[in-house]
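Novice: Enclosed is the structure file entry_0.cif (mmCIF, C-alpha atoms and all ligand atoms).
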data_input
#
loop_
_atom_site.label_atom_id
_atom_site.label_comp_id
_atom_site.auth_asym_id
_atom_site.auth_seq_id
_atom_site.Cartn_x
_atom_site.Cartn_y
_atom_site.Cartn_z
CA MET A 1 21.89 72.01 -77.83
CA ILE A 2 24.01 69.52 -79.71
CA ALA A 3 27.25 71.28 -78.73
CA ASP A 4 26.59 70.91 -74.96
CA PRO A 5 29.46 68.70 -73.80
CA PRO A 6 28.98 65.50 -71.81
CA ARG A 7 30.42 65.48 -68.29
CA VAL A 8 33.32 63.13 -67.60
CA ASP A 9 35.07 62.97 -64.20
CA GLY A 10 38.64 64.24 -64.43
CA PHE A 11 38.23 65.73 -67.91
CA GLU A 12 36.78 68.79 -69.52
CA LEU A 13 35.06 68.59 -72.88
CA ARG A 14 34.25 71.76 -74.79
CA ALA A 15 33.04 72.27 -78.37
CA LEU A 16 35.99 73.19 -80.60
CA CYS A 17 36.26 76.91 -81.25
CA GLU A 18 38.70 79.28 -82.90
CA ALA A 19 40.84 79.56 -79.76
CA ASP A 20 41.69 75.85 -80.14
CA GLY A 21 43.70 76.54 -83.33
CA PRO A 22 47.19 76.21 -81.80
CA GLY A 23 46.19 73.17 -79.71
CA LEU A 24 44.63 71.41 -82.66
CA LEU A 25 47.69 72.15 -84.81
CA ASP A 26 49.87 70.61 -82.12
CA LEU A 27 47.62 67.51 -81.94
CA PHE A 28 47.22 66.95 -85.70
CA SER A 29 50.79 67.80 -86.70
CA ASP A 30 51.87 64.41 -85.32
CA PRO A 31 52.12 61.88 -88.19
CA GLU A 32 51.43 59.02 -85.75
CA VAL A 33 48.12 60.57 -84.68
CA CYS A 34 47.11 61.13 -88.32
CA ALA A 35 48.38 57.78 -89.65
CA PHE A 36 44.91 56.27 -90.09
CA MET A 37 42.97 59.51 -90.39
CA ASP A 38 41.79 61.09 -93.62
CA ILE A 39 44.07 64.11 -93.21
CA ASP A 40 47.75 64.77 -93.78
CA PRO A 41 49.62 65.93 -90.70
CA LEU A 42 48.93 69.65 -90.33
CA VAL A 43 51.70 72.16 -90.96
CA VAL A 44 50.13 75.56 -90.32
CA GLU A 45 47.45 76.84 -87.97
CA ALA A 46 45.19 77.82 -90.90
CA GLU A 47 44.64 74.10 -91.52
CA ALA A 48 43.56 73.61 -87.91
CA LEU A 49 41.21 76.55 -88.23
CA ASP A 50 39.65 74.96 -91.34
CA ILE A 51 38.87 71.84 -89.29
CA ILE A 52 37.40 74.01 -86.53
CA ASP A 53 35.24 75.83 -89.12
CA TRP A 54 34.02 72.45 -90.36
CA ALA A 55 33.19 71.36 -86.80
CA GLU A 56 31.40 74.62 -86.00
CA ALA A 57 29.35 74.42 -89.21
CA LEU A 58 28.35 70.83 -88.40
CA ALA A 59 27.18 71.84 -84.93
CA ALA A 60 25.36 74.94 -86.23
CA GLN A 61 23.37 72.72 -88.60
CA GLY A 62 22.74 70.09 -85.92
CA LEU A 63 24.53 67.51 -88.03
CA GLY A 64 27.44 66.72 -85.71
CA VAL A 65 29.75 68.06 -83.03
CA ARG A 66 33.41 67.84 -82.03
CA TRP A 67 34.50 68.48 -78.47
CA GLY A 68 38.06 69.28 -77.46
CA VAL A 69 39.34 67.14 -74.57
CA ARG A 70 41.40 68.48 -71.66
CA ARG A 71 42.34 67.07 -68.30
CA ALA A 72 40.48 68.98 -65.60
CA GLY A 73 42.45 72.08 -64.64
CA ASP A 74 44.99 71.73 -67.47
CA PRO A 75 44.65 73.99 -70.51
CA ARG A 76 46.40 71.62 -72.93
CA LEU A 77 44.17 70.12 -75.66
CA ILE A 78 44.95 66.39 -75.49
CA GLY A 79 42.40 65.13 -78.00
CA THR A 80 39.01 65.49 -79.57
CA VAL A 81 35.86 63.40 -79.61
CA GLY A 82 32.40 63.75 -81.04
CA PHE A 83 29.99 62.91 -83.80
CA ASN A 84 30.99 63.30 -87.44
CA ARG A 85 27.36 62.81 -88.27
CA ILE A 86 24.04 62.70 -86.49
CA GLU A 87 21.14 61.42 -88.59
CA ARG A 88 17.70 62.01 -87.10
CA ASP A 89 15.65 62.54 -90.23
CA ARG A 90 15.86 59.42 -92.38
CA GLY A 91 17.42 57.27 -89.67
CA ARG A 92 18.34 57.43 -86.02
CA TRP A 93 22.07 56.96 -85.87
CA GLY A 94 25.33 58.75 -85.25
CA GLU A 95 28.93 58.27 -86.30
CA ILE A 96 31.44 58.81 -83.52
CA ALA A 97 35.06 59.86 -83.99
CA TYR A 98 37.95 60.51 -81.60
CA ASP A 99 41.67 61.07 -81.31
CA LEU A 100 44.30 61.58 -78.63
CA ALA A 101 47.80 63.02 -78.56
CA ARG A 102 50.40 60.27 -78.82
CA ASP A 103 51.67 60.74 -75.25
CA GLN A 104 48.13 60.05 -73.94
CA TRP A 105 47.73 56.64 -75.57
CA GLY A 106 47.71 53.57 -73.35
CA ARG A 107 46.29 55.42 -70.33
CA GLY A 108 42.60 54.69 -70.65
CA VAL A 109 41.63 58.26 -71.55
CA MET A 110 39.26 57.44 -74.41
CA SER A 111 37.85 54.47 -72.50
CA ALA A 112 36.94 56.91 -69.73
CA ILE A 113 35.35 59.44 -72.10
CA LEU A 114 33.46 57.34 -74.65
CA PRO A 115 30.77 56.00 -72.27
CA ALA A 116 29.49 59.56 -71.75
CA VAL A 117 29.59 60.23 -75.50
CA ILE A 118 27.75 56.98 -76.21
CA SER A 119 25.17 57.81 -73.56
CA ARG A 120 24.67 61.23 -75.17
CA GLY A 121 23.79 59.50 -78.43
CA PHE A 122 21.51 56.80 -77.03
CA GLU A 123 19.95 58.29 -73.90
CA ASP A 124 19.87 62.01 -74.64
CA TRP A 125 19.27 61.98 -78.38
CA GLY A 126 17.36 58.71 -78.68
CA LEU A 127 19.59 57.29 -81.39
CA LEU A 128 19.19 53.60 -82.16
CA ARG A 129 22.61 52.97 -83.61
CA LEU A 130 26.10 54.37 -83.18
CA GLU A 131 28.80 53.59 -85.68
CA ALA A 132 32.48 54.24 -86.20
CA MET A 133 34.49 53.99 -89.38
CA VAL A 134 37.99 52.65 -88.78
CA THR A 135 40.75 52.46 -91.36
CA THR A 136 42.09 48.90 -91.55
CA GLY A 137 45.26 48.56 -89.51
CA ASN A 138 44.14 50.94 -86.75
CA GLN A 139 44.30 48.24 -84.11
CA ARG A 140 44.13 50.54 -81.08
CA SER A 141 40.87 51.97 -82.34
CA CYS A 142 39.41 48.48 -82.94
CA VAL A 143 40.31 47.37 -79.40
CA LEU A 144 38.81 50.54 -77.95
CA LEU A 145 35.53 50.08 -79.84
CA GLU A 146 35.23 46.43 -78.87
CA ARG A 147 35.81 47.41 -75.23
CA MET A 148 32.96 49.89 -75.64
CA GLY A 149 30.57 47.20 -76.90
CA PHE A 150 30.86 47.89 -80.62
CA ARG A 151 30.85 45.00 -83.08
CA LEU A 152 32.59 44.77 -86.43
CA GLU A 153 29.88 44.62 -89.09
CA GLY A 154 32.06 44.48 -92.17
CA VAL A 155 34.75 46.03 -94.29
CA LEU A 156 34.05 48.60 -96.98
CA ALA A 157 36.81 47.89 -99.47
CA ARG A 158 38.53 50.93 -100.98
CA ARG A 159 35.94 53.23 -99.41
CA GLY A 160 38.44 55.98 -98.67
CA TRP A 161 40.84 57.94 -100.84
CA TRP A 162 43.36 60.20 -99.17
CA LYS A 163 47.14 60.52 -98.98
CA ASP A 164 47.18 59.48 -102.68
CA ARG A 165 45.85 55.98 -102.13
CA ALA A 166 42.71 53.97 -101.48
CA TRP A 167 41.89 52.74 -97.94
CA ASP A 168 39.61 49.99 -96.71
CA GLN A 169 37.36 50.98 -93.84
CA MET A 170 35.87 48.79 -91.14
CA VAL A 171 32.35 49.57 -89.94
CA PHE A 172 31.85 49.10 -86.20
CA ALA A 173 28.43 49.57 -84.64
CA ARG A 174 26.69 49.40 -81.29
CA LEU A 175 22.93 49.29 -81.08
CA ALA A 176 20.78 50.87 -78.37
CA ASP A 177 19.95 48.37 -75.60
C1 LIG A 201 42.30 55.44 -81.10
C2 LIG A 201 42.94 55.96 -79.82
C3 LIG A 201 42.13 57.11 -79.25
C4 LIG A 201 43.02 54.83 -78.80
O1 LIG A 201 43.78 55.26 -77.70
P1 LIG A 201 44.14 54.26 -76.51
O2 LIG A 201 45.03 54.97 -75.58
O3 LIG A 201 44.58 52.96 -77.09
O4 LIG A 201 42.71 54.02 -75.92
P2 LIG A 201 42.24 54.29 -74.44
O5 LIG A 201 42.34 55.74 -74.13
O6 LIG A 201 40.93 53.66 -74.26
O7 LIG A 201 43.30 53.53 -73.58
C5 LIG A 201 43.38 52.13 -73.61
C6 LIG A 201 44.74 51.81 -73.12
O8 LIG A 201 44.89 52.33 -71.82
C7 LIG A 201 45.15 51.26 -70.87
N1 LIG A 201 44.42 51.61 -69.68
C8 LIG A 201 44.98 52.11 -68.57
N2 LIG A 201 44.05 52.33 -67.67
C9 LIG A 201 42.86 52.00 -68.22
C10 LIG A 201 41.53 52.03 -67.78
N3 LIG A 201 41.22 52.45 -66.55
N4 LIG A 201 40.55 51.63 -68.62
C11 LIG A 201 40.83 51.21 -69.85
N5 LIG A 201 42.10 51.16 -70.34
C12 LIG A 201 43.09 51.55 -69.52
C13 LIG A 201 44.69 50.01 -71.61
O9 LIG A 201 45.40 48.89 -71.13
C14 LIG A 201 45.07 50.34 -73.02
O10 LIG A 201 46.46 50.31 -73.18
P3 LIG A 201 47.21 49.30 -74.15
O11 LIG A 201 46.42 49.23 -75.42
O12 LIG A 201 48.56 49.91 -74.32
O13 LIG A 201 47.18 48.01 -73.40
C15 LIG A 201 44.39 56.44 -80.11
O14 LIG A 201 45.15 55.36 -80.57
C16 LIG A 201 44.46 57.57 -81.14
O15 LIG A 201 44.22 58.71 -80.82
N6 LIG A 201 44.87 57.24 -82.38
C17 LIG A 201 45.05 58.25 -83.41
C18 LIG A 201 43.77 58.85 -83.91
C19 LIG A 201 42.85 57.78 -84.45
O16 LIG A 201 43.30 56.89 -85.16
N7 LIG A 201 41.58 57.89 -84.09
C20 LIG A 201 40.60 56.88 -84.43
C21 LIG A 201 40.04 57.05 -85.77
S1 LIG A 201 38.86 55.75 -86.09
#
Go ahead and render the structure in this file as structure tokens.
Specialist:
Amino acid sequence: MIADPPRVDGFELRALCEADGPGLLDLFSDPEVCAFMDIDPLVVEAEALDIIDWAEALAAQGLGVRWGVRRAGDPRLIGTVGFNRIERDRGRWGEIAYDLARDQWGRGVMSAILPAVISRGFEDWGLLRLEAMVTTGNQRSCVLLERMGFRLEGVLARRGWWKDRAWDQMVFARLAD
């Protein structure tokens, strides 16, 4: 099952579900968290529920998955991580994505979690390539990916359009050993 969460010491990952609406609203209502993401900061819970619907539909079709992240024993949703896309038909690759609440940055949380997510893609699903799309300027994300063994392959100029403007996106990738 694609939605089965990887195990990470000290954290609990669980596929996003409707009950995560308030937590996701809290996470994605922060403009700093959304600064380089393709969404405006959320204002109402219905917007969070739309994202959860999207994530559930992805998982139901086997095309991706998004897990909510909590510290073990603490109910607060502190971030999300997962695969925006899993391609196993005309390729063997996945696109990872992740985010953390602002007060969790600089504490090594995503560095602790990503190895298990990467291993899910390579070891469990047999993918040959993992990639991540990073909006230019998102330095923290670049440093994280490089620490995880990803390499910058290039920049897709004006690939994105959100928040009423075009955005360049960097493609990072790590290949299976
Ligand atoms: C991208 C994002 C998850 C990176 O968060 P982060 O806190 O920088 O990354 P990590 O969780 O790996 O933590 C690394 C930091 O923890 C520190 N750290 C502490 N203990 C650590 C440990 N055991 N291992 C690794 N790093 C550790 C590192 O020094 C680093 O801090 P610094 O950059 O201030 O020096 C975060 O900035 C974010 O959520 N941004 C908004 C959403 C977003 O843009 N998502 C990405 C879309 S592509």
Novice: For the atom pair atom C7 of ligand LIG 201 (chain A) and CA of Val117 in chain A, what is the interatomic distance in Å to one decimal place?
Specialist: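 Taking atom C7 of ligand LIG 201 (chain A) and CA of Val117 in chain A, their separation equals 18.5 Å.
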Novice: Nearest to ligand LIG 201 (chain A): which of A:Gly91, A:Gly108, A:Gly149, A:Gly121 is it, counting only C-alpha atoms and all ligand atoms?
Specialist: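 Of A:Gly91, A:Gly108, A:Gly149, A:Gly121, the one nearest ligand LIG 201 (chain A), counting only C-alpha atoms and all ligand atoms, is A:Gly108.
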Novice: Pick out the closest residue to ligand LIG 201 (chain A) from this set: A:Val134, A:Leu13, A:Ile118, A:Val143. Count only C-alpha atoms and all ligand atoms.
Specialist: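 Selected residue with least distance to ligand LIG 201 (chain A): A:Val134.
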Novice: Mind dumping a table of every chain A residue within 7 Å of ligand LIG 201 (chain A), with the nearest atom pair and its distance in Å to one decimal, using all atoms listed in the file, sorted by chain and rising number, as a Markdown table?
Specialist:
| residue | atom | partner | partner_atom | distance |
| --- | --- | --- | --- | --- |
| A:Glu32 | CA | A:LIG201 | C17 | 6.8 |
| A:Val33 | CA | A:LIG201 | C17 | 4.1 |
| A:Cys34 | CA | A:LIG201 | C18 | 6.0 |
| A:Ala35 | CA | A:LIG201 | O16 | 6.8 |
| A:Phe36 | CA | A:LIG201 | O16 | 5.2 |
| A:Met37 | CA | A:LIG201 | O16 | 5.9 |
| A:Ala97 | CA | A:LIG201 | S1 | 6.0 |
| A:Tyr98 | CA | A:LIG201 | N7 | 5.1 |
| A:Asp99 | CA | A:LIG201 | O15 | 3.5 |
| A:Leu100 | CA | A:LIG201 | O15 | 3.6 |
| A:Ala101 | CA | A:LIG201 | O15 | 6.0 |
| A:Arg102 | CA | A:LIG201 | O15 | 6.7 |
| A:Gln104 | CA | A:LIG201 | O2 | 6.2 |
| A:Trp105 | CA | A:LIG201 | O2 | 3.2 |
| A:Gly106 | CA | A:LIG201 | O8 | 3.4 |
| A:Arg107 | CA | A:LIG201 | O8 | 3.7 |
| A:Gly108 | CA | A:LIG201 | O7 | 3.2 |
| A:Val109 | CA | A:LIG201 | O5 | 3.7 |
| A:Met110 | CA | A:LIG201 | O5 | 3.5 |
| A:Ser111 | CA | A:LIG201 | O6 | 3.6 |
| A:Ala112 | CA | A:LIG201 | N4 | 6.5 |
| A:Ala132 | CA | A:LIG201 | S1 | 6.6 |
| A:Met133 | CA | A:LIG201 | S1 | 5.7 |
| A:Val134 | CA | A:LIG201 | S1 | 4.2 |
| A:Thr135 | CA | A:LIG201 | S1 | 6.5 |
| A:Asn138 | CA | A:LIG201 | O16 | 6.2 |
| A:Arg140 | CA | A:LIG201 | O3 | 4.7 |
| A:Ser141 | CA | A:LIG201 | C1 | 4.0 |
| A:Leu144 | CA | A:LIG201 | O6 | 5.3 |
Novice: Using all atoms listed in the file, what residues lie at most 9 Å away from (37.2, 72.1, -78.9) (file coordinates), given as a list in words?
Specialist: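 Using all atoms listed in the file, the matching residues come out as Leu13, Arg14, Ala15, Leu16, Cys17, Glu18, Ala19, Asp20, Leu24, Ile52, Ala55, Arg66, Trp67, Gly68, Val69, Leu77, Gly79, Thr80 and Val81 of chain A.
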Novice: Just checking: using all atoms listed in the file, which residue out of A:Glu95, A:Asp40, A:Glu12, A:Glu153 ends up closest to Arg71 in chain A?
Specialist: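 Residue with the minimum atom-to-atom distance to Arg71 in chain A: A:Glu12.
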Novice: Between A:Asp4, A:Glu56, A:Asp38, A:Asp26, which one has atoms that come closest to Trp161 in chain A, using all atoms listed in the file?
Specialist: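 Distance minimum relative to Trp161 in chain A lands on A:Asp38.
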Novice: So the first atom is CA of Val65 in chain A and the second is CA of Val43 in chain A; what is the distance between them in Å, to one decimal place?
Specialist: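 Atom-to-atom, CA of Val65 in chain A to CA of Val43 in chain A, that is 23.7 Å.
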Novice: What's the separation between CA of Leu114 in chain A and CA of Gly126 in chain A, in Å to one decimal place?
Specialist: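 Computed distance, CA of Leu114 in chain A to CA of Gly126 in chain A, equals 16.7 Å.
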Novice: Find the residues around Trp93 in chain A up to 8 Å (all atoms listed in the file counted), leave out those fewer than 3 positions away in its own chain, and share them as a tab-separated table (two decimals) with C-alpha atoms, in the frame of the given file.
Specialist:
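Once everything was written out, this is part_33.tsv:
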chain	number	residue	atom	x	y	z
A	86	ILE	CA	24.04	62.70	-86.49
A	87	GLU	CA	21.14	61.42	-88.59
A	88	ARG	CA	17.70	62.01	-87.10
A	127	LEU	CA	19.59	57.29	-81.39
A	128	LEU	CA	19.19	53.60	-82.16
A	129	ARG	CA	22.61	52.97	-83.61
A	130	LEU	CA	26.10	54.37	-83.18
A	131	GLU	CA	28.80	53.59	-85.68
Novice: Excluding Arg7 in chain A and its own-chain neighbours fewer than 2 positions away, which residues fall within 7 Å of it when counting all atoms listed in the file? Please give them as a list in words.
Specialist: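 In the requested form, the answer reads Pro5, Asp9 and Ala116 of chain A.
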